[in-house]
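Colleague: First the structure, which I've put down as structure tokens, then a few questions once you've had a look.
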Amino acid sequence: MMPISVKMTTSINEFDSILETIPPVVNEQTVTLFYFYMDGAVYEGMRYQNELYQLECQFDIYSSSTAYRSGCELLQKMTGKIPFEFNPVIISASRLRYGVWLSLRAL
């Protein structure tokens, strides 16, 4: 048998820039959820890797592509505003929902 060779057309730098526009997806059971009061309203919050996030929107379990698209669009809006040393947008997944979260430091 002849080995099959595959030529990669995407460079490492191009791949890294694509990854920067994709928010990480985390299992909601591995984060800490809480509620907090800010600007006269109560919000749902999340702590992930010592970073605090606010729930921007949530989708039912059957809307994973919509949640993912929303997270990517939010991350693209945040890109270029400040140099992030953290993930400004996170998507969480549970048995009941998908959540799109925005870092409180990015607000």
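Residues are referred to by chain and number: the chain letter is A, B, ... according to the order shown in the structure tokens, the number counts from 1 in that chain, and ligands are numbered separately from 1 in the order shown.
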Give me the residues within 8 Å of segment 70-78 of chain A as a count of residues only, counting only C-alpha atoms and dropping any in the same chain fewer than 6 places off.
Modeller: 10
Colleague: Go through segment 16-101 of chain A and collect every residue that DSSP, computed from the backbone, puts in strand (DSSP E); the answer should be as JSON, numbers by chain.
Modeller: {"A": [25, 26, 27, 32, 33, 34, 35, 36, 37, 38, 41, 42, 43, 44, 45, 46, 47, 48, 51, 52, 53, 54, 55, 56, 57, 58, 59, 60, 89, 90, 91, 92, 93, 97, 98, 99, 100, 101]}
Colleague: Filtering to N, CA and C atoms, could you give me those residues as a compact mmCIF listing (two decimals), in the first residue's frame?
Modeller:
```txt
# COMPACT_ATOMS: atom_id res chain seq x y z
N VAL A 25 -15.50 26.15 25.10
CA VAL A 25 -16.74 25.56 25.62
C VAL A 25 -16.37 24.76 26.85
N VAL A 26 -17.05 25.04 27.98
CA VAL A 26 -16.75 24.35 29.23
C VAL A 26 -18.01 23.64 29.73
N ASN A 27 -17.81 22.57 30.45
CA ASN A 27 -18.90 21.85 31.09
C ASN A 27 -19.36 22.68 32.29
N THR A 32 -18.27 27.43 38.91
CA THR A 32 -19.07 27.86 40.06
C THR A 32 -20.07 28.90 39.59
N LEU A 33 -21.36 28.63 39.78
CA LEU A 33 -22.42 29.57 39.41
C LEU A 33 -22.88 30.34 40.64
N PHE A 34 -23.27 31.60 40.44
CA PHE A 34 -23.75 32.44 41.53
C PHE A 34 -24.60 33.57 40.94
N TYR A 35 -25.25 34.33 41.80
CA TYR A 35 -26.00 35.51 41.38
C TYR A 35 -25.35 36.73 42.01
N PHE A 36 -25.39 37.87 41.30
CA PHE A 36 -24.82 39.10 41.86
C PHE A 36 -25.68 40.29 41.44
N TYR A 37 -25.54 41.35 42.21
CA TYR A 37 -26.29 42.58 42.00
C TYR A 37 -25.36 43.63 41.41
N MET A 38 -25.79 44.25 40.30
CA MET A 38 -24.99 45.30 39.67
C MET A 38 -25.91 46.25 38.93
N ALA A 41 -29.76 45.64 39.09
CA ALA A 41 -30.35 44.39 38.59
C ALA A 41 -29.57 43.20 39.13
N VAL A 42 -30.23 42.04 39.16
CA VAL A 42 -29.59 40.79 39.58
C VAL A 42 -29.23 40.00 38.33
N TYR A 43 -27.99 39.52 38.28
CA TYR A 43 -27.48 38.78 37.13
C TYR A 43 -26.99 37.40 37.59
N GLU A 44 -26.95 36.48 36.64
CA GLU A 44 -26.33 35.19 36.91
C GLU A 44 -24.85 35.31 36.58
N GLY A 45 -24.02 34.81 37.48
CA GLY A 45 -22.57 34.88 37.29
C GLY A 45 -21.94 33.50 37.31
N MET A 46 -20.69 33.45 36.85
CA MET A 46 -19.95 32.21 36.80
C MET A 46 -18.48 32.53 37.10
N ARG A 47 -17.84 31.64 37.86
CA ARG A 47 -16.40 31.74 38.07
C ARG A 47 -15.76 30.56 37.35
N TYR A 48 -14.81 30.89 36.47
CA TYR A 48 -14.09 29.88 35.70
C TYR A 48 -12.63 30.30 35.63
N GLU A 51 -11.66 33.69 36.96
CA GLU A 51 -12.21 34.83 36.22
C GLU A 51 -13.73 34.84 36.45
N LEU A 52 -14.31 36.04 36.57
CA LEU A 52 -15.75 36.18 36.79
C LEU A 52 -16.45 36.57 35.50
N TYR A 53 -17.59 35.93 35.24
CA TYR A 53 -18.35 36.14 34.01
C TYR A 53 -19.80 36.44 34.33
N GLN A 54 -20.44 37.17 33.42
CA GLN A 54 -21.87 37.46 33.50
C GLN A 54 -22.56 36.73 32.35
N LEU A 55 -23.70 36.11 32.64
CA LEU A 55 -24.47 35.41 31.61
C LEU A 55 -25.07 36.45 30.66
N GLU A 56 -24.70 36.36 29.40
CA GLU A 56 -25.22 37.28 28.38
C GLU A 56 -26.50 36.74 27.76
N CYS A 57 -26.52 35.45 27.45
CA CYS A 57 -27.71 34.83 26.89
C CYS A 57 -27.62 33.32 27.09
N GLN A 58 -28.77 32.67 27.02
CA GLN A 58 -28.80 31.22 27.17
C GLN A 58 -29.74 30.63 26.14
N PHE A 59 -29.48 29.37 25.80
CA PHE A 59 -30.23 28.67 24.77
C PHE A 59 -30.54 27.27 25.26
N ASP A 60 -31.65 26.71 24.77
CA ASP A 60 -31.99 25.35 25.19
C ASP A 60 -30.98 24.36 24.60
N VAL A 89 -14.90 35.70 26.42
CA VAL A 89 -16.19 35.03 26.18
C VAL A 89 -16.01 33.53 26.39
N ILE A 90 -16.96 32.94 27.11
CA ILE A 90 -16.97 31.50 27.38
C ILE A 90 -18.36 30.98 27.04
N ILE A 91 -18.42 29.78 26.50
CA ILE A 91 -19.70 29.09 26.31
C ILE A 91 -19.73 27.93 27.29
N SER A 92 -20.82 27.84 28.05
CA SER A 92 -20.97 26.70 28.97
C SER A 92 -22.04 25.76 28.42
N ALA A 93 -21.88 24.49 28.73
CA ALA A 93 -22.83 23.47 28.29
C ALA A 93 -23.26 22.64 29.49
N ARG A 97 -29.00 23.44 29.15
CA ARG A 97 -28.84 24.67 28.39
C ARG A 97 -27.41 24.86 27.91
N TYR A 98 -27.28 25.84 27.02
CA TYR A 98 -25.99 26.42 26.64
C TYR A 98 -26.02 27.86 27.10
N GLY A 99 -24.93 28.34 27.69
CA GLY A 99 -24.85 29.72 28.14
C GLY A 99 -23.68 30.42 27.47
N VAL A 100 -23.89 31.68 27.13
CA VAL A 100 -22.83 32.52 26.58
C VAL A 100 -22.50 33.55 27.65
N TRP A 101 -21.25 33.56 28.08
CA TRP A 101 -20.81 34.37 29.21
C TRP A 101 -19.77 35.40 28.78
```
Colleague: Please measure the separation of atom CA of Leu104 of chain A and atom CA of Pro24 of chain A, giving the value in Å to one decimal.
Modeller: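 The value is 16.5 Å.
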Colleague: Taking into account only C-alpha atoms, which residue in the set A:Gln29, A:Gln49, A:Ser103, A:Ser94 is nearest to Ser64 of chain A?
Modeller: A:Ser94
Colleague: Rounded to one decimal in Å, what is the spacing between atom CA of Leu96 of chain A and atom CA of Asn50 of chain A?
Modeller: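 Taking atom CA of Leu96 of chain A as the start and atom CA of Asn50 of chain A as the end point, the length is 24.3 Å.
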